[in-house]
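*Asks:* Dropping in model_39.cif, which is mmCIF, C-alpha atoms and all ligand atoms:
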data_entry
#
loop_
_atom_site.label_atom_id
_atom_site.label_comp_id
_atom_site.auth_asym_id
_atom_site.auth_seq_id
_atom_site.Cartn_x
_atom_site.Cartn_y
_atom_site.Cartn_z
CA MET F 13 -23.14 -28.67 -1.62
CA ASP F 14 -19.64 -27.74 -2.74
CA LYS F 15 -17.43 -26.14 -0.14
CA LYS F 16 -16.62 -22.46 -0.67
CA ILE F 17 -12.98 -21.72 -1.38
CA ILE F 18 -10.82 -19.23 0.51
CA SER F 19 -7.74 -18.00 -1.34
CA VAL F 20 -4.92 -16.83 0.91
CA VAL F 21 -2.56 -14.40 -0.83
CA VAL F 22 0.90 -14.06 0.73
CA PRO F 23 3.48 -11.62 -0.69
CA CYS F 24 6.97 -12.83 0.20
CA TYR F 25 10.25 -11.02 -0.20
CA ASN F 26 13.27 -12.69 1.42
CA GLU F 27 11.06 -14.52 3.89
CA SER F 28 12.92 -17.84 4.10
CA GLU F 29 13.28 -17.44 7.89
CA ALA F 30 9.62 -16.64 8.49
CA LEU F 31 7.96 -19.03 6.02
CA PRO F 32 8.28 -22.27 8.06
CA TYR F 33 6.49 -20.57 10.96
CA PHE F 34 3.89 -19.20 8.57
CA PHE F 35 3.16 -22.63 7.04
CA GLU F 36 2.66 -24.06 10.50
CA ALA F 37 0.29 -21.27 11.55
CA LEU F 38 -1.69 -21.45 8.31
CA ASP F 39 -2.00 -25.25 8.46
CA LYS F 40 -3.47 -24.92 11.93
CA VAL F 41 -6.07 -22.45 10.69
CA ILE F 42 -6.92 -24.55 7.63
CA SER F 43 -7.54 -27.62 9.77
CA SER F 44 -9.76 -25.58 12.08
CA MET F 45 -11.91 -24.40 9.18
CA GLN F 46 -13.02 -27.72 7.68
CA GLU F 47 -16.15 -26.16 6.20
CA PHE F 48 -13.99 -24.35 3.62
CA ASP F 49 -11.55 -25.37 0.94
CA PHE F 50 -8.32 -23.43 0.76
CA GLU F 51 -5.74 -22.39 -1.78
CA ALA F 52 -2.61 -20.50 -0.69
CA ILE F 53 -0.94 -18.33 -3.29
CA TYR F 54 2.56 -17.19 -2.40
CA ILE F 55 4.14 -14.42 -4.42
CA ASP F 56 7.91 -14.55 -4.45
CA ASP F 57 8.76 -10.94 -5.13
CA GLY F 58 12.23 -11.54 -6.60
CA SER F 59 13.68 -12.83 -3.32
CA LYS F 60 17.42 -13.27 -3.12
CA ASP F 61 17.36 -15.90 -0.40
CA GLU F 62 15.90 -19.41 -0.31
CA THR F 63 12.26 -18.24 -0.44
CA LEU F 64 11.61 -19.59 -3.94
CA ASN F 65 13.11 -23.01 -3.16
CA ILE F 66 11.04 -23.26 0.00
CA LEU F 67 7.90 -22.43 -2.01
CA ARG F 68 8.78 -24.96 -4.72
CA GLU F 69 9.18 -27.67 -2.11
CA ARG F 70 5.96 -26.75 -0.39
CA ALA F 71 4.02 -26.70 -3.69
CA ALA F 72 5.43 -30.12 -4.57
CA LYS F 73 4.16 -31.57 -1.31
CA ASP F 74 0.86 -29.74 -1.02
CA CYS F 75 -1.60 -29.38 -3.88
CA LYS F 76 -3.32 -26.45 -2.13
CA THR F 77 -0.13 -24.39 -2.42
CA ARG F 78 0.45 -22.31 -5.50
CA TYR F 79 3.18 -19.81 -6.10
CA VAL F 80 4.13 -17.07 -8.52
CA SER F 81 7.71 -15.94 -8.77
CA PHE F 82 8.54 -12.52 -10.19
CA SER F 83 11.52 -11.90 -12.47
CA ARG F 84 12.77 -9.26 -10.00
CA ASN F 85 11.58 -7.30 -6.98
CA PHE F 86 8.47 -5.34 -7.98
CA GLY F 87 7.28 -4.37 -4.50
CA LYS F 88 4.51 -5.58 -2.22
CA GLU F 89 1.79 -3.75 -4.16
CA ALA F 90 2.64 -5.70 -7.32
CA GLY F 91 2.73 -8.88 -5.23
CA MET F 92 -0.74 -8.32 -3.84
CA LEU F 93 -2.09 -7.51 -7.30
CA ALA F 94 -0.63 -10.70 -8.76
CA GLY F 95 -2.10 -12.71 -5.89
CA LEU F 96 -5.56 -11.23 -6.37
CA LYS F 97 -5.40 -11.88 -10.12
CA GLU F 98 -4.33 -15.49 -9.63
CA SER F 99 -6.87 -16.21 -6.90
CA LYS F 100 -9.87 -18.36 -7.78
CA GLY F 101 -11.60 -18.51 -4.38
CA ASP F 102 -15.03 -17.20 -3.38
CA PHE F 103 -13.21 -15.29 -0.65
CA VAL F 104 -9.72 -13.85 -0.76
CA CYS F 105 -7.52 -12.98 2.20
CA ILE F 106 -4.24 -11.08 1.92
CA MET F 107 -1.72 -11.63 4.71
CA ASP F 108 1.98 -11.01 5.34
CA ALA F 109 4.39 -13.89 5.62
CA ASP F 110 5.97 -12.67 8.85
CA LEU F 111 2.95 -13.51 11.07
CA GLN F 112 2.37 -9.81 11.80
CA ASP F 113 -1.03 -10.53 10.28
CA PRO F 114 -1.91 -13.49 12.53
CA PRO F 115 -3.57 -16.22 10.43
CA ALA F 116 -5.37 -17.29 13.63
CA LEU F 117 -7.70 -14.29 13.18
CA LEU F 118 -9.10 -15.74 9.95
CA PRO F 119 -11.98 -17.76 11.50
CA GLN F 120 -13.11 -14.66 13.40
CA MET F 121 -12.90 -12.55 10.22
CA MET F 122 -14.95 -15.12 8.33
CA ARG F 123 -17.57 -15.09 11.08
CA ILE F 124 -17.84 -11.30 10.93
CA LEU F 125 -18.10 -11.42 7.13
CA THR F 126 -21.03 -13.82 7.21
CA ASP F 127 -22.77 -12.41 10.31
CA LYS F 128 -22.59 -8.79 9.25
CA LYS F 129 -23.18 -9.62 5.57
CA CYS F 130 -20.37 -7.32 4.47
CA ASP F 131 -17.94 -7.60 1.58
CA SER F 132 -14.76 -7.04 3.45
CA VAL F 133 -13.31 -7.49 6.91
CA ALA F 134 -10.21 -5.37 7.34
CA THR F 135 -7.79 -5.24 10.24
CA ARG F 136 -6.03 -2.44 12.02
CA ARG F 137 -3.42 -2.32 14.69
CA GLY F 138 -4.66 -0.98 18.01
CA ASN F 139 -1.22 0.35 18.86
CA ARG F 140 2.20 0.78 17.32
CA LYS F 141 4.15 -0.89 20.11
CA GLY F 142 7.64 -1.93 19.10
CA GLU F 143 7.84 0.59 16.30
CA PRO F 144 10.40 3.44 16.27
CA VAL F 145 8.90 6.63 17.76
CA VAL F 146 9.83 8.78 14.76
CA ARG F 147 8.11 6.36 12.39
CA SER F 148 4.90 6.35 14.47
CA PHE F 149 4.94 10.14 14.59
CA PHE F 150 5.24 10.51 10.82
CA ALA F 151 2.64 7.79 10.26
CA LYS F 152 0.18 9.70 12.44
CA CYS F 153 0.90 12.96 10.57
CA PHE F 154 0.46 11.19 7.25
CA TYR F 155 -2.97 9.79 8.15
CA LYS F 156 -4.14 13.17 9.42
CA LEU F 157 -2.98 14.86 6.22
CA ILE F 158 -4.36 12.33 3.74
CA ASN F 159 -7.75 12.20 5.45
CA ARG F 160 -7.96 15.96 5.26
CA ILE F 161 -6.96 16.36 1.61
CA SER F 162 -8.49 13.25 0.10
CA LYS F 163 -12.12 12.23 -0.24
CA ILE F 164 -11.49 8.60 0.54
CA GLU F 165 -11.14 7.51 4.15
CA MET F 166 -7.81 6.10 5.28
CA VAL F 167 -8.05 4.37 8.65
CA PRO F 168 -4.97 4.94 10.87
CA GLY F 169 -3.07 1.76 11.60
CA ALA F 170 -4.91 -0.13 8.83
CA ARG F 171 -3.05 -3.21 7.61
CA ASP F 172 -3.27 -4.83 4.22
CA TYR F 173 -4.56 -7.92 6.06
CA ARG F 174 -8.17 -8.29 4.95
CA LEU F 175 -10.74 -10.81 3.86
CA MET F 176 -12.83 -9.93 0.81
CA THR F 177 -15.65 -11.44 -1.18
CA ARG F 178 -15.16 -12.28 -4.81
CA ARG F 179 -17.20 -9.32 -6.02
CA MET F 180 -15.03 -6.91 -4.06
CA VAL F 181 -11.84 -8.53 -5.39
CA ASP F 182 -13.16 -8.23 -8.93
CA SER F 183 -13.86 -4.54 -8.35
CA VAL F 184 -10.35 -4.01 -6.99
CA LEU F 185 -8.97 -5.74 -10.08
CA SER F 186 -11.04 -3.52 -12.36
CA LEU F 187 -8.77 -0.64 -11.32
CA THR F 188 -5.84 -1.11 -13.64
CA GLU F 189 -3.61 1.76 -12.56
CA TYR F 190 0.16 1.29 -12.53
CA ASN F 191 0.86 3.29 -9.37
CA ARG F 192 -1.10 1.28 -6.86
CA PHE F 193 -1.82 2.14 -3.26
CA SER F 194 -4.02 -0.72 -2.14
CA LYS F 195 -5.31 0.78 1.10
CA GLY F 196 -6.69 3.66 -0.95
CA ILE F 197 -8.06 1.35 -3.64
CA PHE F 198 -9.90 -0.82 -1.07
CA SER F 199 -11.51 2.28 0.31
CA TRP F 200 -12.23 3.73 -3.15
CA VAL F 201 -14.15 0.68 -4.44
CA GLY F 202 -16.54 1.03 -1.52
CA PHE F 203 -18.64 -1.94 -0.28
CA LYS F 204 -19.41 -2.49 3.37
CA THR F 205 -16.26 -3.00 5.40
CA GLU F 206 -16.03 -4.10 9.02
CA TRP F 207 -12.90 -3.33 11.02
CA LEU F 208 -11.20 -5.70 13.38
CA CYS F 209 -8.66 -4.26 15.81
CA TYR F 210 -5.80 -6.31 17.21
CA GLU F 211 -2.61 -5.83 19.23
CA ASN F 212 0.51 -5.16 17.19
CA VAL F 213 2.61 -8.31 16.83
CA LYS F 214 6.35 -8.36 16.22
CA ARG F 215 7.59 -10.08 13.08
CA VAL F 216 8.34 -13.75 13.80
CA ALA F 217 11.74 -13.84 12.02
CA GLY F 218 13.75 -11.90 9.46
CA LYS F 219 13.81 -8.14 9.03
CA THR F 220 11.31 -5.52 7.85
CA LYS F 221 11.74 -4.48 4.20
CA TRP F 222 10.68 -0.91 4.82
CA SER F 223 13.20 1.86 5.30
CA PHE F 224 12.14 5.30 6.41
CA TRP F 225 12.83 6.66 2.93
CA GLY F 226 10.82 3.83 1.36
CA LEU F 227 7.83 4.66 3.55
CA PHE F 228 8.17 8.35 2.73
CA LYS F 229 8.08 7.65 -1.01
CA TYR F 230 5.14 5.28 -0.51
CA SER F 231 3.16 7.98 1.34
CA LEU F 232 3.90 10.49 -1.43
CA GLU F 233 2.59 7.94 -3.91
CA CYS F 234 -0.62 7.71 -1.93
CA ILE F 235 -1.10 11.46 -1.80
CA VAL F 236 -0.53 11.83 -5.54
CA ALA F 237 -2.78 8.85 -6.31
CA PHE F 238 -5.72 9.90 -4.16
CA SER F 239 -5.67 13.67 -3.94
CA THR F 240 -5.13 16.63 -6.20
CA ALA F 241 -5.04 19.00 -3.21
CA PRO F 242 -1.29 19.73 -3.60
CA LEU F 243 -1.99 21.05 -7.11
CA ALA F 244 -4.74 23.30 -5.79
CA LEU F 245 -2.42 24.41 -3.00
CA SER F 246 0.28 25.44 -5.46
CA SER F 247 -2.27 27.45 -7.48
CA LEU F 248 -3.45 29.10 -4.26
CA CYS F 249 0.14 30.03 -3.33
CA GLY F 250 0.63 31.51 -6.81
CA PHE F 251 -2.54 33.54 -6.48
CA LEU F 252 -1.61 34.82 -3.00
CA MET F 253 1.86 35.87 -4.18
CA PHE F 254 0.33 37.71 -7.13
CA PHE F 255 -2.13 39.45 -4.85
CA LEU F 256 0.61 40.51 -2.41
CA SER F 257 2.83 41.82 -5.22
CA VAL F 258 -0.01 43.99 -6.59
CA ILE F 259 -0.59 45.45 -3.13
CA GLY F 260 3.16 46.02 -2.75
CA ALA F 261 3.37 47.78 -6.11
CA ILE F 262 0.45 50.05 -5.24
CA ALA F 263 2.05 50.89 -1.88
CA ILE F 264 5.35 51.81 -3.57
CA ILE F 265 3.63 54.05 -6.17
CA ILE F 266 1.64 55.86 -3.46
CA ARG F 267 4.76 56.34 -1.36
CA LYS F 268 6.64 57.76 -4.35
CA LEU F 269 3.79 60.18 -5.11
CA VAL F 270 3.40 61.32 -1.51
CA ASP F 271 7.07 61.60 -0.63
CA THR F 272 8.84 62.54 -3.88
CA ALA F 273 12.24 63.05 -2.19
CA SER F 274 12.67 59.51 -0.84
CA SER F 275 14.36 56.83 -2.83
CA ILE F 276 13.08 53.28 -2.43
CA ASN F 277 15.63 51.27 -0.45
CA GLY F 278 15.79 47.86 1.20
CA TRP F 279 17.85 45.62 -1.05
CA SER F 280 18.20 42.86 1.50
CA SER F 281 14.48 42.50 1.95
CA LEU F 282 14.16 42.45 -1.82
CA ILE F 283 16.59 39.54 -2.07
CA CYS F 284 14.57 37.71 0.59
CA VAL F 285 11.41 38.18 -1.41
CA ILE F 286 13.11 37.00 -4.62
CA LEU F 287 14.43 33.89 -2.89
CA PHE F 288 11.05 33.22 -1.30
CA VAL F 289 9.19 33.52 -4.58
CA GLY F 290 11.86 31.48 -6.39
CA GLY F 291 11.59 28.74 -3.78
CA LEU F 292 7.85 28.72 -3.96
CA GLN F 293 7.95 28.43 -7.73
CA LEU F 294 10.31 25.48 -7.54
CA LEU F 295 8.07 23.82 -4.97
CA CYS F 296 5.04 24.23 -7.23
CA VAL F 297 6.94 22.95 -10.26
CA GLY F 298 8.02 20.00 -8.12
CA ILE F 299 4.42 19.22 -7.17
CA LEU F 300 3.42 19.46 -10.81
CA GLY F 301 6.34 17.17 -11.67
CA GLN F 302 5.09 14.53 -9.24
CA TYR F 303 1.74 14.34 -11.01
CA LEU F 304 3.36 14.50 -14.42
CA SER F 305 5.76 11.67 -13.63
CA LYS F 306 2.89 9.49 -12.38
CA THR F 307 0.87 10.27 -15.51
CA TYR F 308 3.95 9.44 -17.59
CA MET F 309 4.25 6.03 -15.94
CA GLU F 310 0.53 5.39 -16.41
CA THR F 311 0.61 6.25 -20.14
CA LYS F 312 3.52 3.90 -20.71
CA ASN F 313 1.12 1.13 -19.81
CA ARG F 314 3.79 -1.19 -18.53
CA PRO F 315 2.77 -4.33 -16.68
CA GLN F 316 3.01 -4.01 -12.88
CA TYR F 317 5.09 -7.19 -12.67
CA ILE F 318 6.62 -9.94 -14.77
CA ILE F 319 6.19 -13.58 -13.85
CA ALA F 320 9.24 -15.80 -14.21
CA GLU F 321 7.85 -19.02 -12.80
CA THR F 322 4.72 -20.53 -11.26
CA GLU F 323 3.95 -23.90 -9.70
CA LYS F 324 2.78 -25.08 -13.11
CA ASP F 325 6.31 -24.67 -14.49
CA ASN F 326 7.57 -26.85 -11.72
CA PRO F 327 5.41 -29.98 -11.82
CA ASN F 328 5.42 -32.06 -8.65
CA GLU F 329 7.08 -35.03 -10.36
CA GLU F 330 10.29 -33.16 -11.07
CA ILE F 331 11.06 -32.55 -7.43
CA LYS F 332 9.92 -35.92 -6.07
N1 LIG F 401 7.09 -7.63 0.75
C1 LIG F 401 7.07 -7.91 -0.61
N2 LIG F 401 7.83 -7.13 -1.45
C2 LIG F 401 8.61 -6.10 -0.99
C3 LIG F 401 8.59 -5.83 0.39
C4 LIG F 401 7.82 -6.61 1.24
O1 LIG F 401 6.38 -8.82 -1.06
O2 LIG F 401 9.29 -5.46 -1.80
C5 LIG F 401 6.27 -8.47 1.67
C6 LIG F 401 7.04 -9.09 2.83
O3 LIG F 401 7.63 -10.31 2.47
C7 LIG F 401 5.98 -9.25 3.90
C8 LIG F 401 5.04 -8.07 3.61
O4 LIG F 401 5.30 -7.64 2.28
O5 LIG F 401 5.25 -10.48 3.73
C9 LIG F 401 5.25 -6.94 4.59
O6 LIG F 401 6.60 -6.55 4.61
P1 LIG F 401 7.35 -6.16 5.95
O7 LIG F 401 7.05 -7.13 7.03
O8 LIG F 401 8.79 -5.97 5.61
O9 LIG F 401 6.68 -4.76 6.26
P2 LIG F 401 6.19 -4.21 7.69
O10 LIG F 401 5.38 -5.30 8.30
O11 LIG F 401 7.43 -3.92 8.45
O12 LIG F 401 5.40 -2.99 7.34
MG MG F 402 5.90 -7.14 8.65
#
Take the structure in the file and give it back as structure tokens.

*Replies:*
Amino acid sequence: MDKKIISVVVPCYNESEALPYFFEALDKVISSMQEFDFEAIYIDDGSKDETLNILRERAAKDCKTRYVSFSRNFGKEAGMLAGLKESKGDFVCIMDADLQDPPALLPQMMRILTDKKCDSVATRRGNRKGEPVVRSFFAKCFYKLINRISKIEMVPGARDYRLMTRRMVDSVLSLTEYNRFSKGIFSWVGFKTEWLCYENVKRVAGKTKWSFWGLFKYSLECIVAFSTAPLALSSLCGFLMFFLSVIGAIAIIIRKLVDTASSINGWSSLICVILFVGGLQLLCVGILGQYLSKTYMETKNRPQYIIAETEKDNPNEEIK
């Protein structure tokens, strides 16, 4: 019987320092899983360092290594999508290049997948050790919020590191949206998922690509992609303001009728109300704008990434 193939998808952005360690760790895992064939697909996400050269060299030496190089940096989401599209395996595993998703967990994930007969084994960090306190705090708030306002379940501390069956990968690929938030998409497509918890590991070399602002924008993207609650909230605010203003107007009329001598005063409070309502309106327009801008990007139908080079453009002979 033919061996089943596992495709390992690795998004890489400026990972020249981490890649040698990653190759070593992956090779170890591959040799410990002789019952499977492997293909490793590295996605060079427009790196500015030596990442692409390292991948070219590796692909020249090892026929199981494939790579896709983007024309510029398109982000990790685009990288994962490209990897899933390129993958040919019966199982696909996405993992980071910095060893924060330890490849050594793969045999255990495969065991769970076959024993529990599920379509996906996902991983989550048991703790956030080594992460800035402010970042952990906002991450916790974000998960609480999104789980409350969205129908899909977002598991706190979930990583993108997961092993999937081909039918799950095909379902993920059937979602063609431009603004992608993979953790949400994996949850949205359904299928039985088992969770594996592991201790947070520090990145082996190099620096994280995520700034606080980047993470903030990413979380907004998730909220807009998987919930329309903010829109409902802005309508609710509008309705409440309308209701309050009607009550206010009635109160003023009654007061005028009862006490004809008094003039209505209180300019400062009036200004406060005007500013409050103005602010609220801007907030609601802003929320609307978020959805509109996402819809705008979707209707443009642009590709999520552009490929500049793959291992096929760089045949082994040229380098040897
Ligand atoms: N990555 C990428 N494109 C980007 C940013 C990151 O392909 O624009 C890759 C990166 O090379 C790494 C993975 O995504 O393999 C996770 O990135 P990072 O370690 O910086 O994120 P963190 O682990 O700090 O969340
Ligand atoms: Mg990392």

*Asks:* Using only C-alpha atoms and all ligand atoms, find each residue in chain F having at least one atom no more than 6 Å away from ligand MG 402 (chain F); report its shortest atom-to-atom pair and that distance in Å (one decimal), rows by chain then rising number, as JSON lines.

*Replies:*
{"residue": "F:Asp110", "atom": "CA", "partner": "F:MG402", "partner_atom": "MG", "distance": 5.5}
{"residue": "F:Gln112", "atom": "CA", "partner": "F:MG402", "partner_atom": "MG", "distance": 5.4}
{"residue": "F:Arg215", "atom": "CA", "partner": "F:MG402", "partner_atom": "MG", "distance": 5.6}
{"residue": "F:Thr220", "atom": "CA", "partner": "F:MG402", "partner_atom": "MG", "distance": 5.7}

*Asks:* Point out the residue among F:Gly138, F:Gly202, F:Pro32, F:Gly218 with the least atom-to-atom distance to ligand LIG 401 (chain F), counting only C-alpha atoms and all ligand atoms.

*Replies:*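 Ranking F:Gly138, F:Gly202, F:Pro32, F:Gly218 by distance to ligand LIG 401 (chain F), first place goes to F:Gly218.
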
*Asks:* If you take all atoms listed in the file and a cut-off of 10 Å, which residues of chain F touch ligand LIG 401 (chain F), and what are their nearest atom pairs and distances in Å to one decimal, in chain and number order, as a Markdown table?

*Replies:*
| residue | atom | partner | partner_atom | distance |
| --- | --- | --- | --- | --- |
| F:Val21 | CA | F:LIG401 | O5 | 9.9 |
| F:Val22 | CA | F:LIG401 | O5 | 6.4 |
| F:Pro23 | CA | F:LIG401 | O1 | 4.0 |
| F:Cys24 | CA | F:LIG401 | O3 | 3.5 |
| F:Tyr25 | CA | F:LIG401 | O3 | 3.8 |
| F:Asn26 | CA | F:LIG401 | O3 | 6.2 |
| F:Glu27 | CA | F:LIG401 | O3 | 5.6 |
| F:Ser28 | CA | F:LIG401 | O3 | 9.3 |
| F:Ala30 | CA | F:LIG401 | O5 | 8.9 |
| F:Leu31 | CA | F:LIG401 | O5 | 9.3 |
| F:Tyr54 | CA | F:LIG401 | O1 | 9.3 |
| F:Ile55 | CA | F:LIG401 | O1 | 6.9 |
| F:Asp56 | CA | F:LIG401 | O1 | 6.8 |
| F:Asp57 | CA | F:LIG401 | O1 | 5.2 |
| F:Gly58 | CA | F:LIG401 | N2 | 8.1 |
| F:Ser59 | CA | F:LIG401 | N2 | 8.4 |
| F:Thr63 | CA | F:LIG401 | O3 | 9.6 |
| F:Arg84 | CA | F:LIG401 | O2 | 9.7 |
| F:Asn85 | CA | F:LIG401 | O2 | 6.0 |
| F:Phe86 | CA | F:LIG401 | O2 | 6.2 |
| F:Gly87 | CA | F:LIG401 | O2 | 3.5 |
| F:Lys88 | CA | F:LIG401 | N2 | 3.7 |
| F:Glu89 | CA | F:LIG401 | N2 | 7.4 |
| F:Ala90 | CA | F:LIG401 | O1 | 7.9 |
| F:Gly91 | CA | F:LIG401 | O1 | 5.5 |
| F:Met92 | CA | F:LIG401 | O1 | 7.7 |
| F:Ile106 | CA | F:LIG401 | O5 | 9.7 |
| F:Met107 | CA | F:LIG401 | O5 | 7.1 |
| F:Asp108 | CA | F:LIG401 | O5 | 3.7 |
| F:Ala109 | CA | F:LIG401 | O5 | 4.0 |
| F:Asp110 | CA | F:LIG401 | O5 | 5.6 |
| F:Leu111 | CA | F:LIG401 | O5 | 8.3 |
| F:Gln112 | CA | F:LIG401 | O10 | 6.5 |
| F:Asp113 | CA | F:LIG401 | O10 | 8.5 |
| F:Glu143 | CA | F:LIG401 | O11 | 9.1 |
| F:Arg171 | CA | F:LIG401 | O12 | 8.5 |
| F:Asp172 | CA | F:LIG401 | C9 | 8.8 |
| F:Tyr173 | CA | F:LIG401 | C8 | 9.9 |
| F:Val213 | CA | F:LIG401 | O10 | 9.5 |
| F:Lys214 | CA | F:LIG401 | O10 | 8.5 |
| F:Arg215 | CA | F:LIG401 | O7 | 6.8 |
| F:Val216 | CA | F:LIG401 | O7 | 9.6 |
| F:Ala217 | CA | F:LIG401 | O7 | 9.6 |
| F:Gly218 | CA | F:LIG401 | O7 | 8.6 |
| F:Lys219 | CA | F:LIG401 | O8 | 6.5 |
| F:Thr220 | CA | F:LIG401 | O8 | 3.4 |
| F:Lys221 | CA | F:LIG401 | O8 | 3.6 |
| F:Trp222 | CA | F:LIG401 | O8 | 5.5 |
| F:Ser223 | CA | F:LIG401 | O11 | 8.8 |
| F:Gly226 | CA | F:LIG401 | O2 | 9.9 |
| F:Leu227 | CA | F:LIG401 | O12 | 8.9 |

*Asks:* Counting only C-alpha atoms, what is within 12 Å of F:Ala237, bar same-chain residues fewer than 5 positions away, as a PyMOL selection string?

*Replies:* chain F and resi 158+161-164+189-197+200+230-232+242+302-307+310

*Asks:* Counting all atoms listed in the file, which residue out of F:Ala134, F:Ile262, F:Ala170, F:Cys284 sits closest to F:Asn212?

*Replies:*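 Between F:Ala134, F:Ile262, F:Ala170, F:Cys284, the residue approaching F:Asn212 most closely is F:Ala170.
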
*Asks:* So that I can see what lies close to F:Asp14, please list as a PyMOL selection string the residues with an atom at most 12 Å from it, counting all atoms listed in the file and leaving out residues fewer than 4 positions away in the same chain.

*Replies:* chain F and resi 47-49+102

*Asks:* Need the neighbours of (-1.2, -15.9, 12.7): which residues are at most 8 Å away, counting all atoms listed in the file, as a list in words?

*Replies:*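 Final list of nearby residues, as requested, is Phe34, Ala37, Leu38, Leu111, Gln112, Asp113, Pro114, Pro115, Ala116 and Leu117 of chain F.
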
*Asks:* Would you mind reading off the distance between atom CA of F:Val289 and atom CA of F:Asp271, one decimal, in Å?

*Replies:* 28.4 Å

*Asks:* Neighbouring residues of F:Leu292 were defined as those with any atom within 10 Å, considering only C-alpha atoms; residues of the same chain fewer than 6 positions away were excluded. Please report them as a PDB file with C-alpha atoms, in the coordinates of the input.

*Replies:*
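This is the output file out.pdb:
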ATOM      1  CA  SER F 246       0.280  25.440  -5.460  1.00  0.00           C
ATOM      2  CA  CYS F 249       0.140  30.030  -3.330  1.00  0.00           C
ATOM      3  CA  GLY F 250       0.630  31.510  -6.810  1.00  0.00           C
ATOM      4  CA  MET F 253       1.860  35.870  -4.180  1.00  0.00           C
ATOM      5  CA  ILE F 286      13.110  37.000  -4.620  1.00  0.00           C
ATOM      6  CA  GLY F 298       8.020  20.000  -8.120  1.00  0.00           C
TER       7      GLY F 298
END

*Asks:* So which one's closest to F:Arg136, F:Trp279, F:Phe288, F:Cys209, F:Cys153? Using only C-alpha atoms, please.

*Replies:*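 Using only C-alpha atoms, F:Arg136 sits closest to F:Cys209.
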